[in-house]
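Participant: Here it is, the structure, as structure tokens.
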Amino acid sequence: MRATLLTLLLVLAALAAPGGAASAAPEPPDRPVVLVLVDGLSWEEVQQNPALRRLFEEGAAAALSTVQGGRPADPRAAYLLLGAGSRADTAALPRRLPRSPAAAAREISERVPTVRPGSLGEVLRRSGVEAAAVGAEARAVAMDREGRVPLLYGGEAPLRALEAALAEGAGFVAAEAAGPAEAGRLVAAASRSGALVAVASPNAPPGAPNLTPFAIAGRRGLLYSPSTRTAGLLAGQDVAPTLLARMGLEAPPEMQGRPAKARPGSPEDARRLSERLSFVAEERHRTAAWALALSLLPFGAFLLALRGREAAGPCLLALAAMPAATLPAAALPPASPLPVAALIAGLSAVVAWVLWRLAGGGLAAAAAALLANAGVLAADAAAGGELMRFSILGYNPAYGARFYGIGNECSAILAGSLAAGLGVLAALRRPRAAPLALAGGAAVAAVGLPTMGADVGGSLALGLGLGATAGLVRGGGVRAAAGWATAGGAAAAALFAASPLLFPGASHGSRAAAGEVGLRDMALRKLELALATFESWPLLLLLAALSAAVWAGWRRARGTPLAAGLAGAALTAALYAALNDSGLLAGLYALFYPAVAALLVLAGALKVPRPRQTPPAPGRCCARRPSRRRGG
């Protein structure tokens with residue numbers, strides 16, 4: 001009894017002590033943090049301003065991907081997202097926000113429940129850090145969820161307001177600058193006061209990719225965040241968690257961003273990375289490169305084939321091999337669209353012609369080209385998408401659509417080429433179950449694992465579609481296809497469910513599986529984006545054309561494993577359209593490859609062997625009928 005009473009008294013004393021668990025509160029930082037906000041900042045303007053240049057050279061720098069998608073219709077949305085420590089596709093945000101910051105924050109949260117503006121201010125308030133805002137837009141970064149900021153100043157005299165906020169003991173100041181010159185003066189004044197200074201641009205310049213310079217004082221180098229897995233590339237949602245980490249505070253679970261740390265490097269490295277990603281992001285560069293590559297491809301394939309009729313097969317295979325050819329081209333820093341297009345077209349044509357010659361044309365060459373295309377994409381996905389991020393086909397870090405892993409487009413291409421290649425291969429020889437299951441499982445893992453492709457929807461669609469294709473090409477019919485599809489879907493679902501245990505916090509998907517991110521809200525938002533793609537008439541016309549080609553090729557090859565492969569690949573494309581936030585666009589990328597196989601059949605480049613017919617039993621259908629005699 002005495003021991004129990006003594007233990008209880010010790011516990012109560014510990015809880016009542018200042019350092020006890022019940023009364024302990026984070027100590028406010030002894031050094032204030034000043035975040036200077038200036039819209040449309042460029043690397044050239046940083047170099048031209050001495051104060052900004054000194055901050056970038058002496059601190060840690062990065063290229064900041066400001067928002068996901070295009071520039072928001074209301075620029076204030078980017079400031080609210082910065083204070084939320086989260087991101088959302090700008091297509092899902094309201095086009096016009098209420099004038100009240102609190103009302104604007106509520107409207108964004110209603111449209112995208114996973115984004116909670118004011119999260120940064122909430123952490124500061126709970127931690128006893130007095131926040132200050134200089135300017136209306138800066139208020140959206142420093143406020144709590146009710147729109148309140150303890151110290152609020154107008155934006156007419158930012159320098160005097162900054163000095164007043166620091167004099168009143170503000171531990172965090174968000175100060176809005178009208179341009180680079182004023183930003184330089186704010187940085188110089190904050191540095192003289194001993195504050196930790198950071199510079200961010202919530203919105204990129206109009207018409208430019210969503211990449212702007214970012215820097216924070218402290219250890220020199222390049223900033224690295226788990227959100228991007230790229231040294232020198234930071235996402236907008238990482239700014240608030242990084243500032244909180246520098247203040248010794250933890251980011252709340254609702255913040256999607258991750259704290260960034262300095263790694264070896266220089267601001268020049270970040271600038272070159274920004275230029276390289278900007279080239280990939282520029283729609284005119286991508287469009288010009290693809291147009292030139294598609295123009296050069298038939299000519300190159302025809303010259304390599306030397307004879308007109310023989311050019312059809314290599315040309316179609318070269319077209320199918322183009323996605324894989326964009327990855328080696330991405331390894332070289334691009335200068336203009338022409339050399340990129342020439343390299344892609346040349347590699348595609350040479351690879352297709354070599355395979356066509358070595359395999360003797362026909363089914364073997366088509367299977368090798370399609371499976372090699374899928375293999376190259378799967379290998380890069382397993383490596384984290386190191387080449388895809390600089391490819392003119394892959395995801396686009398400059399727009400914040402994806403920073404690592406495999407993008408929706410390449411994931412659909414991998415699935416379509418793999419399913420179609422499996423059908424072509426089955427026309428040569430019936431695949432065995434064990435190698436087929438191992439190869440399919442490896443592809444599903446490469447696409448879905450958080451440390452590899454990190455594409456949850458793509459992994460599920462690939463598991464279901466590839467499983468159905470495997471069951472069909474093995475001749476098991478609909479029942480076998482359903483069983484194989486169930487096994488493939490279960491494998492993808494198991495990977496998703498186990499990701500929080502195997503790789504905690506490694507990706508947005510693993511955090512969703514762990515319950516850190518609203519899975520239902522995320523699924524509904526992706527569904528909304530997917531359904532919007534079905535409103536595009538050009539995409540619907542392209543769907544009709546590709547579907548017609550697959551149908552015609554299926555009819556020509558009906559009754560063969562290749563026809564079963566075409567049906568399975570078409571089903572895989574439909575699953576990608578249904579389970580991917582790129583919707584119809586992802587489905588078209590996957591459908592293109594069974595369409596190529598079907599065109600090869602229709603062009604006579606693939607001689608599809610027919611299954612042998614079992615001879616009828618003698619004495620039955622082959623029995624000679626008595627002949628009728630003519631009269632007379």
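To be explicit about the labels: the chains of the structure tokens are called A, B, and onward in the order shown, and within each one the residues are counted from 1, while ligands get numbers from 1 in the order they are shown.
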For the structure I just gave you, how does DSSP split segment 301-395 of chain A - specifically, which residues are alpha helix (DSSP H)? Reply as a PyMOL selection string.
Facilitator: chain A and resi 301-305+312-330+337-358+362-382
Participant: Write a file of the just-selected residues containing C-alpha atoms, as a compact mmCIF listing (two decimals), in the first residue's frame.
Facilitator:
# COMPACT_ATOMS: atom_id res chain seq x y z
CA ALA A 301 12.29 3.84 -90.78
CA PHE A 302 11.73 3.87 -94.55
CA LEU A 303 15.41 4.54 -95.27
CA LEU A 304 16.48 1.77 -92.93
CA ALA A 305 14.03 -0.72 -94.44
CA ALA A 312 5.38 -0.65 -92.50
CA GLY A 313 6.52 -3.06 -89.79
CA PRO A 314 9.64 -1.21 -88.63
CA CYS A 315 7.83 2.12 -88.79
CA LEU A 316 5.00 0.95 -86.52
CA LEU A 317 7.45 -0.70 -84.13
CA ALA A 318 9.54 2.46 -84.03
CA LEU A 319 6.40 4.38 -83.13
CA ALA A 320 5.77 1.91 -80.29
CA ALA A 321 9.38 2.22 -79.07
CA MET A 322 9.35 6.03 -78.87
CA PRO A 323 8.46 6.27 -75.14
CA ALA A 324 11.50 4.20 -74.19
CA ALA A 325 13.64 6.31 -76.53
CA THR A 326 12.67 9.49 -74.68
CA LEU A 327 14.50 8.25 -71.58
CA PRO A 328 18.04 8.13 -73.06
CA ALA A 329 17.30 11.48 -74.70
CA ALA A 330 16.38 12.87 -71.28
CA PRO A 337 13.48 20.75 -79.56
CA LEU A 338 15.24 19.72 -82.80
CA PRO A 339 18.16 17.71 -81.34
CA VAL A 340 15.82 16.10 -78.80
CA ALA A 341 13.42 15.09 -81.56
CA ALA A 342 16.21 13.82 -83.80
CA LEU A 343 17.66 11.70 -80.99
CA ILE A 344 14.27 10.20 -80.09
CA ALA A 345 13.33 9.45 -83.70
CA GLY A 346 16.79 8.06 -84.51
CA LEU A 347 16.91 5.76 -81.48
CA SER A 348 13.37 4.52 -82.09
CA ALA A 349 14.01 3.77 -85.77
CA VAL A 350 17.34 2.02 -85.19
CA VAL A 351 16.02 -0.14 -82.33
CA ALA A 352 12.93 -1.15 -84.30
CA TRP A 353 14.91 -1.97 -87.45
CA VAL A 354 17.54 -3.99 -85.54
CA LEU A 355 14.85 -6.00 -83.78
CA TRP A 356 13.03 -6.51 -87.05
CA ARG A 357 16.18 -7.80 -88.76
CA LEU A 358 17.47 -9.93 -85.89
CA GLY A 362 6.85 -10.68 -87.73
CA LEU A 363 5.66 -11.77 -84.32
CA ALA A 364 9.08 -12.16 -82.68
CA ALA A 365 10.15 -8.62 -83.58
CA ALA A 366 6.85 -7.11 -82.44
CA ALA A 367 6.92 -9.00 -79.13
CA ALA A 368 10.54 -7.97 -78.51
CA ALA A 369 9.83 -4.29 -79.24
CA LEU A 370 6.71 -4.08 -77.08
CA LEU A 371 8.18 -5.98 -74.14
CA ALA A 372 11.47 -4.06 -74.32
CA ASN A 373 9.53 -0.80 -74.24
CA ALA A 374 7.70 -1.93 -71.09
CA GLY A 375 10.93 -3.24 -69.55
CA VAL A 376 12.79 0.05 -69.95
CA LEU A 377 9.94 2.01 -68.35
CA ALA A 378 9.62 -0.51 -65.51
CA ALA A 379 13.37 -0.37 -64.84
CA ASP A 380 13.32 3.43 -64.61
CA ALA A 381 10.25 3.29 -62.36
CA ALA A 382 12.08 0.84 -60.08
Participant: Could you list, as number ranges by chain, every residue within 12 Å of segment 206-208 of chain A, counting only C-alpha atoms and ignoring same-chain residues fewer than 5 positions away?
Facilitator: A: 39-42, 65-66, 70-73, 75, 274-275, 277-284, 398-399
Participant: Would you compute the distance between atom CA of Glu182 of chain A and atom CA of Val36 of chain A? Give it in Å to one decimal.
Facilitator: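 Atom CA of Val36 of chain A lies at a distance of 9.7 Å from atom CA of Glu182 of chain A.
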Participant: Do you have the atom CA of Pro259 of chain A-atom CA of Arg76 of chain A distance handy?
Facilitator: 23.3 Å
Participant: Excluding Pro397 of chain A and residues on its chain fewer than 4 positions from it, collect all residues at most 9 Å away from it, counting only C-alpha atoms, and give them as a count of residues only.
Facilitator: 16
Participant: For a quick check of understanding, using only C-alpha atoms, which of A:Gly583, A:Pro561, A:Gly400, A:Gly568 has the smallest distance to Gln237 of chain A?
Facilitator: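 Of the candidates, the smallest distance to Gln237 of chain A is held by A:Gly400.
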Participant: Within 7 Å of segment 469-480 of chain A, which residues of segment 364-458 of chain A show up? Give each one with its shortest atom-to-atom distance in Å (one decimal) and the two atoms involved, counting only C-alpha atoms, rows by chain then rising residue number, as a Markdown table.
Facilitator:
| residue | atom | partner | partner_atom | distance |
| --- | --- | --- | --- | --- |
| A:Ala419 | CA | A:Thr469 | CA | 6.5 |
| A:Gly423 | CA | A:Val473 | CA | 6.3 |
| A:Ala426 | CA | A:Val473 | CA | 6.2 |
| A:Arg430 | CA | A:Arg474 | CA | 6.3 |
| A:Pro431 | CA | A:Arg474 | CA | 6.8 |
Participant: What is the distance, in Å and to one decimal place, between atom CA of Ser109 of chain A and atom CA of Leu37 of chain A?
Facilitator: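 Rounded to one decimal, the two atoms are 23.0 Å apart.
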Participant: Which residues come within 12 Å of Ala245 of chain A, counting only C-alpha atoms, excluding same-chain residues fewer than 3 positions away, as a count of residues only?
Facilitator: 20
Participant: Would you mind listing what lies within 8 Å of Met388 of chain A as a list of chain:residue names, with only C-alpha atoms counted and same-chain residues fewer than 3 positions away left out?
Facilitator: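 The residues satisfying every condition are A:Leu327, A:Ala330, A:Asp380, A:Gly385, A:Ser391, A:Leu393, A:Gly394, A:Tyr395, A:Ile406, A:Gly407.
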Participant: Go ahead and save the residues from that selection, with N, CA and C atoms, as a PDB file, in the first residue's frame.
Facilitator:
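Contents of the output file again21.pdb:
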ATOM      1  N   LEU A 327      13.730   8.306 -72.818  1.00  0.00           N
ATOM      2  CA  LEU A 327      14.499   8.251 -71.576  1.00  0.00           C
ATOM      3  C   LEU A 327      15.992   8.464 -71.817  1.00  0.00           C
ATOM      4  N   ALA A 330      16.493  12.018 -72.462  1.00  0.00           N
ATOM      5  CA  ALA A 330      16.378  12.871 -71.276  1.00  0.00           C
ATOM      6  C   ALA A 330      17.665  12.930 -70.484  1.00  0.00           C
ATOM      7  N   ASP A 380      13.168   2.058 -65.086  1.00  0.00           N
ATOM      8  CA  ASP A 380      13.319   3.430 -64.610  1.00  0.00           C
ATOM      9  C   ASP A 380      12.376   3.716 -63.447  1.00  0.00           C
ATOM     10  N   GLY A 385      12.305   6.752 -61.162  1.00  0.00           N
ATOM     11  CA  GLY A 385      11.979   7.691 -62.233  1.00  0.00           C
ATOM     12  C   GLY A 385      13.035   8.745 -62.465  1.00  0.00           C
ATOM     13  N   SER A 391      12.062  13.758 -69.051  1.00  0.00           N
ATOM     14  CA  SER A 391      11.587  13.313 -70.350  1.00  0.00           C
ATOM     15  C   SER A 391      10.456  14.214 -70.828  1.00  0.00           C
ATOM     16  N   LEU A 393       7.957  13.189 -72.201  1.00  0.00           N
ATOM     17  CA  LEU A 393       6.722  12.415 -72.088  1.00  0.00           C
ATOM     18  C   LEU A 393       6.309  12.216 -70.645  1.00  0.00           C
ATOM     19  N   GLY A 394       7.239  12.199 -69.728  1.00  0.00           N
ATOM     20  CA  GLY A 394       6.934  11.818 -68.358  1.00  0.00           C
ATOM     21  C   GLY A 394       6.187  12.900 -67.602  1.00  0.00           C
ATOM     22  N   TYR A 395       6.078  12.703 -66.297  1.00  0.00           N
ATOM     23  CA  TYR A 395       5.419  13.683 -65.438  1.00  0.00           C
ATOM     24  C   TYR A 395       6.221  14.974 -65.422  1.00  0.00           C
ATOM     25  N   ILE A 406       6.720   7.001 -61.189  1.00  0.00           N
ATOM     26  CA  ILE A 406       6.276   6.905 -62.581  1.00  0.00           C
ATOM     27  C   ILE A 406       5.021   7.744 -62.748  1.00  0.00           C
ATOM     28  N   GLY A 407       4.980   8.517 -63.811  1.00  0.00           N
ATOM     29  CA  GLY A 407       3.828   9.359 -64.075  1.00  0.00           C
ATOM     30  C   GLY A 407       2.675   8.570 -64.668  1.00  0.00           C
TER      31      GLY A 407
END
Participant: Need to verify the contact set: segment 145-149 of chain A, 10 Å, only C-alpha atoms, exclusion of same-chain residues closer than 5 positions in sequence. Can you return it as a list in words?
Facilitator: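 Skipping anything fewer than 5 positions along the chain leaves Gly83, Ala84, Ser100, Pro101, Ala102, Ala103, Ala104, Ala105, Arg106, Arg116, Pro117, Gly118, Ser119, Leu120, Gly121, Glu122, Arg125, Glu130, Ala131, Ala132, Ala133, Arg139 and Ala140 of chain A.
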Participant: Write a file of the selected residues as a compact mmCIF listing (two decimals), in the first residue's frame, keeping all heavy atoms.
Facilitator:
# COMPACT_ATOMS: atom_id res chain seq x y z
N GLY A 83 0.61 28.63 -46.61
CA GLY A 83 0.35 28.58 -45.18
C GLY A 83 -0.27 27.27 -44.74
O GLY A 83 -0.19 26.91 -43.56
N ALA A 84 -0.87 26.53 -45.69
CA ALA A 84 -1.45 25.23 -45.36
C ALA A 84 -0.40 24.13 -45.30
O ALA A 84 -0.63 23.08 -44.70
CB ALA A 84 -2.53 24.86 -46.37
N SER A 100 -12.38 38.04 -47.70
CA SER A 100 -11.94 37.68 -46.34
C SER A 100 -11.03 36.47 -46.40
O SER A 100 -11.39 35.43 -46.97
CB SER A 100 -13.16 37.37 -45.47
OG SER A 100 -12.77 36.73 -44.28
N PRO A 101 -9.82 36.57 -45.81
CA PRO A 101 -8.92 35.41 -45.83
C PRO A 101 -9.51 34.18 -45.15
O PRO A 101 -9.32 33.05 -45.61
CB PRO A 101 -7.68 35.92 -45.07
CG PRO A 101 -7.73 37.40 -45.19
CD PRO A 101 -9.18 37.75 -45.20
N ALA A 102 -10.26 34.38 -44.06
CA ALA A 102 -10.86 33.24 -43.37
C ALA A 102 -11.92 32.58 -44.24
O ALA A 102 -11.99 31.34 -44.33
CB ALA A 102 -11.47 33.70 -42.05
N ALA A 103 -12.74 33.38 -44.93
CA ALA A 103 -13.75 32.81 -45.83
C ALA A 103 -13.10 32.12 -47.01
O ALA A 103 -13.57 31.06 -47.46
CB ALA A 103 -14.69 33.92 -46.30
N ALA A 104 -12.01 32.69 -47.52
CA ALA A 104 -11.30 32.05 -48.63
C ALA A 104 -10.71 30.71 -48.20
O ALA A 104 -10.74 29.73 -48.95
CB ALA A 104 -10.20 32.98 -49.14
N ALA A 105 -10.18 30.66 -46.97
CA ALA A 105 -9.62 29.41 -46.46
C ALA A 105 -10.70 28.35 -46.33
O ALA A 105 -10.49 27.18 -46.68
CB ALA A 105 -8.96 29.66 -45.10
N ARG A 106 -11.88 28.73 -45.84
CA ARG A 106 -12.98 27.77 -45.69
C ARG A 106 -13.44 27.26 -47.05
O ARG A 106 -13.75 26.07 -47.20
CB ARG A 106 -14.14 28.42 -44.93
CG ARG A 106 -13.90 28.57 -43.43
CD ARG A 106 -15.20 28.91 -42.71
NE ARG A 106 -15.72 30.21 -43.13
CZ ARG A 106 -15.42 31.35 -42.54
NH1 ARG A 106 -14.58 31.37 -41.51
NH2 ARG A 106 -15.93 32.48 -42.96
N ARG A 116 -5.78 22.49 -45.60
CA ARG A 116 -6.30 23.31 -44.50
C ARG A 116 -5.48 24.57 -44.36
O ARG A 116 -4.49 24.60 -43.61
CB ARG A 116 -6.29 22.51 -43.20
CG ARG A 116 -7.14 21.24 -43.26
CD ARG A 116 -7.11 20.48 -41.97
NE ARG A 116 -7.84 19.23 -42.05
CZ ARG A 116 -7.96 18.35 -41.06
NH1 ARG A 116 -7.33 18.59 -39.91
NH2 ARG A 116 -8.63 17.24 -41.23
N PRO A 117 -5.84 25.64 -45.07
CA PRO A 117 -5.11 26.90 -44.91
C PRO A 117 -5.16 27.39 -43.47
O PRO A 117 -6.15 27.19 -42.75
CB PRO A 117 -5.87 27.85 -45.84
CG PRO A 117 -6.52 26.95 -46.85
CD PRO A 117 -6.88 25.72 -46.10
N GLY A 118 -4.08 28.02 -43.04
CA GLY A 118 -3.99 28.50 -41.67
C GLY A 118 -3.29 27.52 -40.74
O GLY A 118 -3.16 27.81 -39.55
N SER A 119 -2.82 26.39 -41.27
CA SER A 119 -2.17 25.40 -40.41
C SER A 119 -0.88 25.94 -39.81
O SER A 119 -0.55 25.65 -38.66
CB SER A 119 -1.88 24.12 -41.20
OG SER A 119 -3.08 23.50 -41.60
N LEU A 120 -0.12 26.73 -40.58
CA LEU A 120 1.12 27.29 -40.06
C LEU A 120 0.83 28.20 -38.87
O LEU A 120 1.50 28.13 -37.83
CB LEU A 120 1.84 28.06 -41.17
CG LEU A 120 3.12 28.80 -40.76
CD1 LEU A 120 4.16 27.83 -40.21
CD2 LEU A 120 3.70 29.56 -41.96
N GLY A 121 -0.16 29.08 -39.00
CA GLY A 121 -0.51 29.97 -37.90
C GLY A 121 -1.02 29.23 -36.68
O GLY A 121 -0.78 29.65 -35.54
N GLU A 122 -1.73 28.11 -36.89
CA GLU A 122 -2.21 27.32 -35.77
C GLU A 122 -1.05 26.76 -34.95
O GLU A 122 -1.06 26.78 -33.72
CB GLU A 122 -3.09 26.17 -36.28
CG GLU A 122 -4.46 26.59 -36.74
CD GLU A 122 -5.36 27.00 -35.59
OE1 GLU A 122 -5.21 26.43 -34.49
OE2 GLU A 122 -6.19 27.90 -35.79
N ARG A 125 0.58 29.58 -32.98
CA ARG A 125 -0.24 30.02 -31.84
C ARG A 125 -0.15 29.03 -30.69
O ARG A 125 0.02 29.43 -29.53
CB ARG A 125 -1.69 30.19 -32.30
CG ARG A 125 -2.64 30.66 -31.20
CD ARG A 125 -4.06 30.82 -31.74
NE ARG A 125 -4.56 29.57 -32.28
CZ ARG A 125 -5.07 28.58 -31.54
NH1 ARG A 125 -5.13 28.71 -30.22
NH2 ARG A 125 -5.53 27.48 -32.10
N GLU A 130 4.59 34.40 -31.39
CA GLU A 130 3.76 35.49 -31.89
C GLU A 130 4.07 35.70 -33.37
O GLU A 130 5.23 35.91 -33.75
CB GLU A 130 4.01 36.77 -31.10
CG GLU A 130 2.95 37.82 -31.36
CD GLU A 130 3.01 38.93 -30.32
OE1 GLU A 130 4.12 39.25 -29.86
OE2 GLU A 130 1.95 39.47 -29.97
N ALA A 131 3.03 35.61 -34.20
CA ALA A 131 3.19 35.76 -35.64
C ALA A 131 2.82 37.17 -36.06
O ALA A 131 1.99 37.84 -35.44
CB ALA A 131 2.32 34.75 -36.38
N ALA A 132 3.46 37.63 -37.14
CA ALA A 132 3.18 38.95 -37.71
C ALA A 132 3.09 38.82 -39.21
O ALA A 132 3.74 37.96 -39.82
CB ALA A 132 4.28 39.95 -37.32
N ALA A 133 2.27 39.67 -39.82
CA ALA A 133 2.12 39.69 -41.27
C ALA A 133 2.21 41.13 -41.75
O ALA A 133 1.60 42.03 -41.18
CB ALA A 133 0.78 39.08 -41.69
N ARG A 139 -0.70 37.92 -44.90
CA ARG A 139 -1.62 37.48 -43.85
C ARG A 139 -2.11 36.06 -44.13
O ARG A 139 -2.29 35.27 -43.20
CB ARG A 139 -2.80 38.44 -43.77
CG ARG A 139 -3.86 38.03 -42.77
CD ARG A 139 -5.02 39.01 -42.77
NE ARG A 139 -6.06 38.60 -41.84
CZ ARG A 139 -7.18 39.28 -41.65
NH1 ARG A 139 -7.40 40.42 -42.32
NH2 ARG A 139 -8.08 38.85 -40.79
N ALA A 140 -2.32 35.71 -45.40
CA ALA A 140 -2.81 34.38 -45.75
C ALA A 140 -1.81 33.30 -45.38
O ALA A 140 -2.19 32.14 -45.20
CB ALA A 140 -3.13 34.32 -47.24
